[in-house]
>>> print(open('target-v4.pdb').read())   # PDB, C-alpha atoms
ATOM      1  CA  ALA A 482      11.479  28.714 -14.852
ATOM      2  CA  GLN A 483       8.144  30.549 -15.007
ATOM      3  CA  LYS A 484       8.642  31.226 -18.711
ATOM      4  CA  ARG A 485       9.418  27.544 -19.232
ATOM      5  CA  VAL A 486       6.169  26.528 -17.499
ATOM      6  CA  LYS A 487       4.178  28.912 -19.688
ATOM      7  CA  SER A 488       5.834  27.623 -22.862
ATOM      8  CA  LEU A 489       4.982  24.019 -21.974
ATOM      9  CA  LEU A 490       1.295  24.703 -21.324
ATOM     10  CA  VAL A 491       0.562  24.924 -25.030
ATOM     11  CA  GLY A 492      -1.532  21.977 -26.167
ATOM     12  CA  ASP A 493      -1.497  18.721 -24.222
ATOM     13  CA  TYR A 494       0.917  18.576 -21.290
ATOM     14  CA  ASP A 495       2.002  16.319 -18.473
ATOM     15  CA  MET A 496       2.216  18.067 -15.085
ATOM     16  CA  THR A 497       5.295  16.125 -13.965
ATOM     17  CA  ALA A 498       7.090  16.852 -17.232
ATOM     18  CA  VAL A 499       6.292  20.577 -16.949
ATOM     19  CA  ILE A 500       7.526  20.696 -13.345
ATOM     20  CA  THR A 501      10.688  18.790 -14.253
ATOM     21  CA  GLU A 502      11.499  21.057 -17.197
ATOM     22  CA  ALA A 503      10.873  24.211 -15.135
ATOM     23  CA  LEU A 504      13.173  22.953 -12.384
ATOM     24  CA  ARG A 505      15.799  21.886 -14.916
ATOM     25  CA  SER A 506      15.746  25.436 -16.306
ATOM     26  CA  LEU A 507      16.147  26.817 -12.784
ATOM     27  CA  GLU A 508      18.987  24.402 -12.022
ATOM     28  CA  ARG A 509      20.892  25.439 -15.168
ATOM     29  CA  SER A 510      20.544  29.058 -14.085
ATOM     30  CA  MET A 511      21.698  28.284 -10.536
ATOM     31  CA  ALA A 512      24.725  26.348 -11.778
ATOM     32  CA  ARG A 513      26.094  29.564 -13.306
ATOM     33  CA  ASN A 514      26.253  31.293  -9.905
ATOM     34  CA  PRO A 515      28.296  30.779  -6.741
ATOM     35  CA  PRO A 516      26.476  28.842  -4.001
ATOM     36  CA  GLU A 517      26.810  31.766  -1.576
ATOM     37  CA  LEU A 518      24.867  34.036  -3.951
ATOM     38  CA  ILE A 519      22.142  31.425  -4.367
ATOM     39  CA  VAL A 520      21.735  31.018  -0.603
ATOM     40  CA  GLU A 521      21.688  34.803  -0.094
ATOM     41  CA  THR A 522      19.023  35.141  -2.791
ATOM     42  CA  ILE A 523      16.834  32.570  -1.021
ATOM     43  CA  LEU A 524      17.370  34.277   2.336
ATOM     44  CA  GLU A 525      16.428  37.648   0.835
ATOM     45  CA  GLY A 526      13.272  36.041  -0.530
ATOM     46  CA  TYR A 527      12.412  34.859   2.982
ATOM     47  CA  ARG A 528      13.048  38.355   4.361
ATOM     48  CA  HIS A 529      10.851  39.878   1.660
ATOM     49  CA  GLU A 530       8.058  37.422   2.429
ATOM     50  CA  HIS A 531       8.339  38.284   6.127
ATOM     51  CA  ARG A 532       7.971  41.987   5.289
ATOM     52  CA  ILE A 533       4.842  41.179   3.269
ATOM     53  CA  LEU A 534       3.342  39.121   6.113
ATOM     54  CA  ALA A 535       4.172  41.898   8.586
ATOM     55  CA  GLY A 536       2.332  44.393   6.378
ATOM     56  CA  ASP A 537       5.454  46.411   5.636
ATOM     57  CA  VAL A 538       5.374  45.709   1.886
ATOM     58  CA  ASP A 539       2.543  45.584  -0.634
ATOM     59  CA  PRO A 540       1.792  41.896  -1.378
ATOM     60  CA  ASP A 541       1.452  42.761  -5.063
ATOM     61  CA  THR A 542       5.241  43.229  -5.162
ATOM     62  CA  GLN A 543       5.728  39.517  -4.459
ATOM     63  CA  ASP A 544       7.247  37.512  -7.286
ATOM     64  CA  ALA A 545       4.964  35.575  -9.570
ATOM     65  CA  ASP A 546       3.998  32.069  -8.549
ATOM     66  CA  MET A 547       6.103  29.476 -10.403
ATOM     67  CA  PHE A 548       3.447  26.754 -10.571
ATOM     68  CA  GLY A 549       0.168  28.605  -9.968
ATOM     69  CA  GLU A 550      -0.731  28.785 -13.638
ATOM     70  CA  LEU A 551       0.138  25.109 -14.160
ATOM     71  CA  PHE A 552      -1.957  23.954 -11.207
ATOM     72  CA  SER A 553      -4.917  26.159 -12.130
ATOM     73  CA  ARG A 554      -4.851  24.916 -15.695
ATOM     74  CA  ALA A 555      -4.461  21.308 -14.519
ATOM     75  CA  GLN A 556      -7.522  21.691 -12.315
ATOM     76  CA  THR A 557      -9.529  23.181 -15.191
ATOM     77  CA  ASP A 558      -8.368  20.309 -17.421
ATOM     78  CA  GLY A 559      -9.317  17.657 -14.841
ATOM     79  CA  LYS A 560      -5.720  16.675 -14.057
ATOM     80  CA  LEU A 561      -6.174  17.949 -10.497
ATOM     81  CA  GLY A 562      -9.359  17.271  -8.581
ATOM     82  CA  ALA A 563     -11.836  20.064  -7.879
ATOM     83  CA  HIS A 564     -11.211  19.506  -4.143
ATOM     84  CA  VAL A 565      -7.541  20.555  -4.431
ATOM     85  CA  ASP A 566      -6.738  23.990  -3.020
ATOM     86  CA  VAL A 567      -4.550  25.146  -5.904
ATOM     87  CA  SER A 568      -3.210  28.205  -4.074
ATOM     88  CA  HIS A 569      -2.131  26.112  -1.092
ATOM     89  CA  LEU A 570      -0.593  23.431  -3.302
ATOM     90  CA  SER A 571       1.326  26.082  -5.219
ATOM     91  CA  ARG A 572       2.588  27.650  -1.990
ATOM     92  CA  LEU A 573       3.828  24.272  -0.744
ATOM     93  CA  ALA A 574       5.546  23.609  -4.080
ATOM     94  CA  HIS A 575       7.223  27.011  -3.748
ATOM     95  CA  ILE A 576       8.482  26.033  -0.291
ATOM     96  CA  LEU A 577       9.899  22.777  -1.669
ATOM     97  CA  VAL A 578      11.667  24.715  -4.430
ATOM     98  CA  SER A 579      13.102  27.326  -2.039
ATOM     99  CA  GLU A 580      14.301  24.792   0.484
ATOM    100  CA  GLY A 581      15.562  22.564  -2.310
ATOM    101  CA  VAL A 582      17.599  25.437  -3.747
ATOM    102  CA  ARG A 583      19.083  26.186  -0.353
ATOM    103  CA  HIS A 584      20.006  22.547   0.319
ATOM    104  CA  TRP A 585      21.347  22.049  -3.212
ATOM    105  CA  ALA A 586      23.541  25.163  -2.957
ATOM    106  CA  GLY A 587      24.870  23.920   0.386
ATOM    107  CA  GLY A 588      25.765  20.524  -1.083
ATOM    108  CA  GLY A 589      22.964  18.755   0.763
ATOM    109  CA  PHE A 590      21.925  16.611  -2.207
ATOM    110  CA  GLY A 591      25.340  15.018  -2.720
ATOM    111  CA  ASN A 592      25.572  13.815  -6.299
ATOM    112  CA  ARG A 593      21.798  13.946  -6.866
ATOM    113  CA  SER A 594      20.524  16.763  -9.040
ATOM    114  CA  PHE A 595      18.264  19.500  -7.705
ATOM    115  CA  THR A 596      15.780  18.720 -10.486
ATOM    116  CA  ASP A 597      15.571  15.005  -9.696
ATOM    117  CA  VAL A 598      15.042  15.519  -5.970
ATOM    118  CA  VAL A 599      12.627  18.454  -6.021
ATOM    119  CA  ALA A 600      10.575  17.312  -9.052
ATOM    120  CA  ARG A 601      10.015  13.945  -7.332
ATOM    121  CA  ASP A 602       9.012  15.627  -4.066
ATOM    122  CA  ILE A 603       6.549  17.976  -5.775
ATOM    123  CA  SER A 604       5.082  15.157  -7.881
ATOM    124  CA  GLU A 605       4.556  12.992  -4.814
ATOM    125  CA  MET A 606       2.921  15.892  -3.000
ATOM    126  CA  ILE A 607       0.550  16.450  -5.938
ATOM    127  CA  THR A 608      -0.364  12.772  -5.957
ATOM    128  CA  GLY A 609      -1.203  12.959  -2.260
ATOM    129  CA  PHE A 610      -3.276  16.106  -2.615
ATOM    130  CA  ASN A 611      -5.083  14.723  -5.643
ATOM    131  CA  SER A 612      -5.952  11.429  -3.945
ATOM    132  CA  THR A 613      -7.560  12.880  -0.805
ATOM    133  CA  ASN A 614     -10.906  14.576  -0.611
ATOM    134  CA  ASN A 615     -10.148  16.753   2.423
TER     135      ASN A 615
END
>>> encode(input="target-v4.pdb", output="structure tokens")
Amino acid sequence: AQKRVKSLLVGDYDMTAVITEALRSLERSMARNPPELIVETILEGYRHEHRILAGDVDPDTQDADMFGELFSRAQTDGKLGAHVDVSHLSRLAHILVSEGVRHWAGGGFGNRSFTDVVARDISEMITGFNSTNN
């Protein structure tokens, strides 16, 4: 998904389209694995993050941020306001992805696709962040 984001940031881009394509790439990858493995992978990610927060692991070992580059570039390009805390927005998007993966793997989205649900949620969150000056 991170490679897909990077590939779509060449030239002009639409943030929602980039997010959707990155999530679609992730969903295709997830569909090739059993749900139990997907849930365990998410849980291990949470455990790893806890170890980082507890100071037991070097934070530099944390996985790259899926949308950090997109949001930073969007802010530079004027697609996100200067008031938006890009790091915080990226962290919240990561939470939506992680929780979305977990719910999708558990069948919580019914017949809706992971991409449709999570891309909409992230896009709506961006709109809210972009519209406020807090």
>>> resolve_selection(input="target-v4.pdb", expression="the PyMOL selection byres ((chain A and resi 496-513) around 6)", output="list of chain:residue names")
A:Ala482, A:Arg485, A:Val486, A:Asp495, A:Asn514, A:Thr596, A:Ala600
>>> write_last_selection(input="target-v4.pdb", atoms="C-alpha atoms", output="PDB file, in the coordinates of the input")
ATOM      1  CA  ALA A 482      11.479  28.714 -14.852  1.00  0.00           C
ATOM      2  CA  ARG A 485       9.418  27.544 -19.232  1.00  0.00           C
ATOM      3  CA  VAL A 486       6.169  26.528 -17.499  1.00  0.00           C
ATOM      4  CA  ASP A 495       2.002  16.319 -18.473  1.00  0.00           C
ATOM      5  CA  ASN A 514      26.253  31.293  -9.905  1.00  0.00           C
ATOM      6  CA  THR A 596      15.780  18.720 -10.486  1.00  0.00           C
ATOM      7  CA  ALA A 600      10.575  17.312  -9.052  1.00  0.00           C
TER       8      ALA A 600
END
>>> resolve_selection(input="target-v4.pdb", expression="the PyMOL selection byres ((chain A and resi 550) around 10)", output="ChimeraX atom specification")
/A:483,486-487,490,545-549,551-556,567-568,571
>>> residues_around(input="target-v4.pdb", residues="Asn611 of chain A", least_positions_apart="5", cutoff="8 Å", atoms="only C-alpha atoms", output="list in words")
Leu561, Gly562, His564 and Val565 of chain A
>>> atom_distance(input="target-v4.pdb", atom1="atom CA of Pro515 of chain A", atom2="atom CA of Gly591 of chain A")
16.5 Å
>>> resolve_selection(input="target-v4.pdb", expression="the PyMOL selection byres ((chain A and resi 595) around 7)", output="short mmCIF file (atom, residue, chain, number, x, y, z; two decimals) with C-alpha atoms, in the frame of the given file")
data_model
loop_
_atom_site.label_atom_id
_atom_site.label_comp_id
_atom_site.auth_asym_id
_atom_site.auth_seq_id
_atom_site.Cartn_x
_atom_site.Cartn_y
_atom_site.Cartn_z
CA GLU A 508 18.99 24.40 -12.02
CA GLY A 581 15.56 22.56 -2.31
CA TRP A 585 21.35 22.05 -3.21
CA ARG A 593 21.80 13.95 -6.87
CA SER A 594 20.52 16.76 -9.04
CA THR A 596 15.78 18.72 -10.49
CA ASP A 597 15.57 15.00 -9.70
CA VAL A 598 15.04 15.52 -5.97
CA VAL A 599 12.63 18.45 -6.02
#
>>> atom_distance(input="target-v4.pdb", atom1="atom CA of Ser612 of chain A", atom2="atom CA of Val491 of chain A")
25.9 Å
>>> atom_distance(input="target-v4.pdb", atom1="atom CA of Glu580 of chain A", atom2="atom CA of Gly609 of chain A")
19.7 Å
>>> closest_residue(input="target-v4.pdb", among="A:Leu534, A:Ala563, A:Gly526, A:Gly588", to="Ile576 of chain A", atoms="all atoms listed in the file")
A:Gly526
>>> closest_residue(input="target-v4.pdb", among="A:Lys560, A:Ala574, A:Asp566, A:Ile533", to="Ser604 of chain A", atoms="all atoms listed in the file")
A:Ala574
>>> closest_residue(input="target-v4.pdb", among="A:Ile603, A:Ser579, A:His584, A:His569", to="Ile523 of chain A", atoms="only C-alpha atoms")
A:Ser579
>>> decode(input="target-v4.pdb", residues="segment 523-562 of chain A", atoms="N, CA and C atoms", output="PDB file, in the first residue's frame")
ATOM      1  N   ILE A 523      -2.548  -7.773  12.956  1.00  0.00           N
ATOM      2  CA  ILE A 523      -2.972  -6.498  13.556  1.00  0.00           C
ATOM      3  C   ILE A 523      -2.676  -6.494  15.050  1.00  0.00           C
ATOM      4  N   LEU A 524      -2.999  -7.590  15.724  1.00  0.00           N
ATOM      5  CA  LEU A 524      -2.743  -7.665  17.169  1.00  0.00           C
ATOM      6  C   LEU A 524      -1.248  -7.566  17.472  1.00  0.00           C
ATOM      7  N   GLU A 525      -0.411  -8.183  16.657  1.00  0.00           N
ATOM      8  CA  GLU A 525       1.031  -8.075  16.855  1.00  0.00           C
ATOM      9  C   GLU A 525       1.494  -6.635  16.636  1.00  0.00           C
ATOM     10  N   GLY A 526       0.888  -5.954  15.693  1.00  0.00           N
ATOM     11  CA  GLY A 526       1.197  -4.537  15.491  1.00  0.00           C
ATOM     12  C   GLY A 526       0.864  -3.711  16.720  1.00  0.00           C
ATOM     13  N   TYR A 527      -0.284  -4.004  17.348  1.00  0.00           N
ATOM     14  CA  TYR A 527      -0.651  -3.310  18.582  1.00  0.00           C
ATOM     15  C   TYR A 527       0.348  -3.620  19.699  1.00  0.00           C
ATOM     16  N   ARG A 528       0.761  -4.872  19.805  1.00  0.00           N
ATOM     17  CA  ARG A 528       1.742  -5.243  20.833  1.00  0.00           C
ATOM     18  C   ARG A 528       3.073  -4.535  20.593  1.00  0.00           C
ATOM     19  N   HIS A 529       3.481  -4.457  19.339  1.00  0.00           N
ATOM     20  CA  HIS A 529       4.733  -3.779  18.999  1.00  0.00           C
ATOM     21  C   HIS A 529       4.648  -2.283  19.351  1.00  0.00           C
ATOM     22  N   GLU A 530       3.529  -1.673  19.029  1.00  0.00           N
ATOM     23  CA  GLU A 530       3.342  -0.264  19.363  1.00  0.00           C
ATOM     24  C   GLU A 530       3.381  -0.055  20.872  1.00  0.00           C
ATOM     25  N   HIS A 531       2.783  -0.968  21.621  1.00  0.00           N
ATOM     26  CA  HIS A 531       2.815  -0.874  23.084  1.00  0.00           C
ATOM     27  C   HIS A 531       4.256  -0.945  23.594  1.00  0.00           C
ATOM     28  N   ARG A 532       5.057  -1.839  23.012  1.00  0.00           N
ATOM     29  CA  ARG A 532       6.460  -1.945  23.423  1.00  0.00           C
ATOM     30  C   ARG A 532       7.213  -0.655  23.114  1.00  0.00           C
ATOM     31  N   ILE A 533       6.897  -0.016  22.005  1.00  0.00           N
ATOM     32  CA  ILE A 533       7.526   1.266  21.669  1.00  0.00           C
ATOM     33  C   ILE A 533       7.140   2.319  22.697  1.00  0.00           C
ATOM     34  N   LEU A 534       5.836   2.420  22.993  1.00  0.00           N
ATOM     35  CA  LEU A 534       5.355   3.423  23.950  1.00  0.00           C
ATOM     36  C   LEU A 534       5.914   3.180  25.351  1.00  0.00           C
ATOM     37  N   ALA A 535       6.144   1.920  25.694  1.00  0.00           N
ATOM     38  CA  ALA A 535       6.699   1.580  27.003  1.00  0.00           C
ATOM     39  C   ALA A 535       8.211   1.799  27.056  1.00  0.00           C
ATOM     40  N   GLY A 536       8.815   2.108  25.909  1.00  0.00           N
ATOM     41  CA  GLY A 536      10.254   2.339  25.876  1.00  0.00           C
ATOM     42  C   GLY A 536      11.081   1.082  25.753  1.00  0.00           C
ATOM     43  N   ASP A 537      10.428  -0.040  25.477  1.00  0.00           N
ATOM     44  CA  ASP A 537      11.133  -1.313  25.369  1.00  0.00           C
ATOM     45  C   ASP A 537      11.735  -1.548  23.985  1.00  0.00           C
ATOM     46  N   VAL A 538      11.294  -0.780  22.992  1.00  0.00           N
ATOM     47  CA  VAL A 538      11.745  -0.950  21.619  1.00  0.00           C
ATOM     48  C   VAL A 538      12.066   0.423  21.044  1.00  0.00           C
ATOM     49  N   ASP A 539      13.078   0.487  20.219  1.00  0.00           N
ATOM     50  CA  ASP A 539      13.462   1.727  19.554  1.00  0.00           C
ATOM     51  C   ASP A 539      12.341   2.155  18.606  1.00  0.00           C
ATOM     52  N   PRO A 540      11.835   3.392  18.722  1.00  0.00           N
ATOM     53  CA  PRO A 540      10.740   3.836  17.863  1.00  0.00           C
ATOM     54  C   PRO A 540      11.105   3.826  16.378  1.00  0.00           C
ATOM     55  N   ASP A 541      12.389   3.859  16.066  1.00  0.00           N
ATOM     56  CA  ASP A 541      12.797   3.840  14.669  1.00  0.00           C
ATOM     57  C   ASP A 541      12.525   2.493  14.006  1.00  0.00           C
ATOM     58  N   THR A 542      12.190   1.470  14.801  1.00  0.00           N
ATOM     59  CA  THR A 542      11.873   0.160  14.231  1.00  0.00           C
ATOM     60  C   THR A 542      10.404   0.076  13.829  1.00  0.00           C
ATOM     61  N   GLN A 543       9.636   1.123  14.104  1.00  0.00           N
ATOM     62  CA  GLN A 543       8.219   1.126  13.746  1.00  0.00           C
ATOM     63  C   GLN A 543       8.083   1.183  12.225  1.00  0.00           C
ATOM     64  N   ASP A 544       7.060   0.523  11.724  1.00  0.00           N
ATOM     65  CA  ASP A 544       6.818   0.505  10.286  1.00  0.00           C
ATOM     66  C   ASP A 544       6.590   1.911   9.769  1.00  0.00           C
ATOM     67  N   ALA A 545       6.875   2.072   8.487  1.00  0.00           N
ATOM     68  CA  ALA A 545       6.674   3.367   7.844  1.00  0.00           C
ATOM     69  C   ALA A 545       5.198   3.747   7.877  1.00  0.00           C
ATOM     70  N   ASP A 546       4.954   5.018   7.855  1.00  0.00           N
ATOM     71  CA  ASP A 546       3.625   5.595   7.906  1.00  0.00           C
ATOM     72  C   ASP A 546       2.974   5.520   6.523  1.00  0.00           C
ATOM     73  N   MET A 547       1.828   4.861   6.413  1.00  0.00           N
ATOM     74  CA  MET A 547       1.185   4.651   5.121  1.00  0.00           C
ATOM     75  C   MET A 547       0.824   5.954   4.407  1.00  0.00           C
ATOM     76  N   PHE A 548       0.307   6.936   5.142  1.00  0.00           N
ATOM     77  CA  PHE A 548      -0.188   8.148   4.501  1.00  0.00           C
ATOM     78  C   PHE A 548       0.600   9.409   4.845  1.00  0.00           C
ATOM     79  N   GLY A 549       1.652   9.284   5.633  1.00  0.00           N
ATOM     80  CA  GLY A 549       2.424  10.467   6.032  1.00  0.00           C
ATOM     81  C   GLY A 549       2.959  11.251   4.858  1.00  0.00           C
ATOM     82  N   GLU A 550       3.527  10.562   3.898  1.00  0.00           N
ATOM     83  CA  GLU A 550       4.078  11.248   2.722  1.00  0.00           C
ATOM     84  C   GLU A 550       2.976  11.939   1.922  1.00  0.00           C
ATOM     85  N   LEU A 551       1.848  11.256   1.753  1.00  0.00           N
ATOM     86  CA  LEU A 551       0.711  11.853   1.039  1.00  0.00           C
ATOM     87  C   LEU A 551       0.246  13.121   1.735  1.00  0.00           C
ATOM     88  N   PHE A 552       0.034  13.054   3.048  1.00  0.00           N
ATOM     89  CA  PHE A 552      -0.488  14.215   3.764  1.00  0.00           C
ATOM     90  C   PHE A 552       0.515  15.362   3.789  1.00  0.00           C
ATOM     91  N   SER A 553       1.777  15.060   3.939  1.00  0.00           N
ATOM     92  CA  SER A 553       2.806  16.111   3.913  1.00  0.00           C
ATOM     93  C   SER A 553       2.836  16.796   2.549  1.00  0.00           C
ATOM     94  N   ARG A 554       2.821  15.982   1.517  1.00  0.00           N
ATOM     95  CA  ARG A 554       2.832  16.546   0.162  1.00  0.00           C
ATOM     96  C   ARG A 554       1.566  17.352  -0.085  1.00  0.00           C
ATOM     97  N   ALA A 555       0.417  16.843   0.356  1.00  0.00           N
ATOM     98  CA  ALA A 555      -0.845  17.558   0.168  1.00  0.00           C
ATOM     99  C   ALA A 555      -0.823  18.910   0.874  1.00  0.00           C
ATOM    100  N   GLN A 556      -0.206  18.951   2.048  1.00  0.00           N
ATOM    101  CA  GLN A 556      -0.110  20.229   2.758  1.00  0.00           C
ATOM    102  C   GLN A 556       0.800  21.190   1.999  1.00  0.00           C
ATOM    103  N   THR A 557       1.921  20.701   1.520  1.00  0.00           N
ATOM    104  CA  THR A 557       2.838  21.528   0.725  1.00  0.00           C
ATOM    105  C   THR A 557       2.149  22.049  -0.530  1.00  0.00           C
ATOM    106  N   ASP A 558       1.304  21.207  -1.135  1.00  0.00           N
ATOM    107  CA  ASP A 558       0.615  21.567  -2.379  1.00  0.00           C
ATOM    108  C   ASP A 558      -0.676  22.351  -2.149  1.00  0.00           C
ATOM    109  N   GLY A 559      -1.006  22.656  -0.891  1.00  0.00           N
ATOM    110  CA  GLY A 559      -2.190  23.444  -0.590  1.00  0.00           C
ATOM    111  C   GLY A 559      -3.496  22.646  -0.582  1.00  0.00           C
ATOM    112  N   LYS A 560      -3.401  21.326  -0.628  1.00  0.00           N
ATOM    113  CA  LYS A 560      -4.599  20.492  -0.593  1.00  0.00           C
ATOM    114  C   LYS A 560      -5.046  20.214   0.843  1.00  0.00           C
ATOM    115  N   LEU A 561      -4.154  20.434   1.786  1.00  0.00           N
ATOM    116  CA  LEU A 561      -4.456  20.404   3.212  1.00  0.00           C
ATOM    117  C   LEU A 561      -4.023  21.744   3.782  1.00  0.00           C
ATOM    118  N   GLY A 562      -4.839  22.303   4.648  1.00  0.00           N
ATOM    119  CA  GLY A 562      -4.513  23.595   5.233  1.00  0.00           C
ATOM    120  C   GLY A 562      -3.260  23.546   6.091  1.00  0.00           C
TER     121      GLY A 562
END
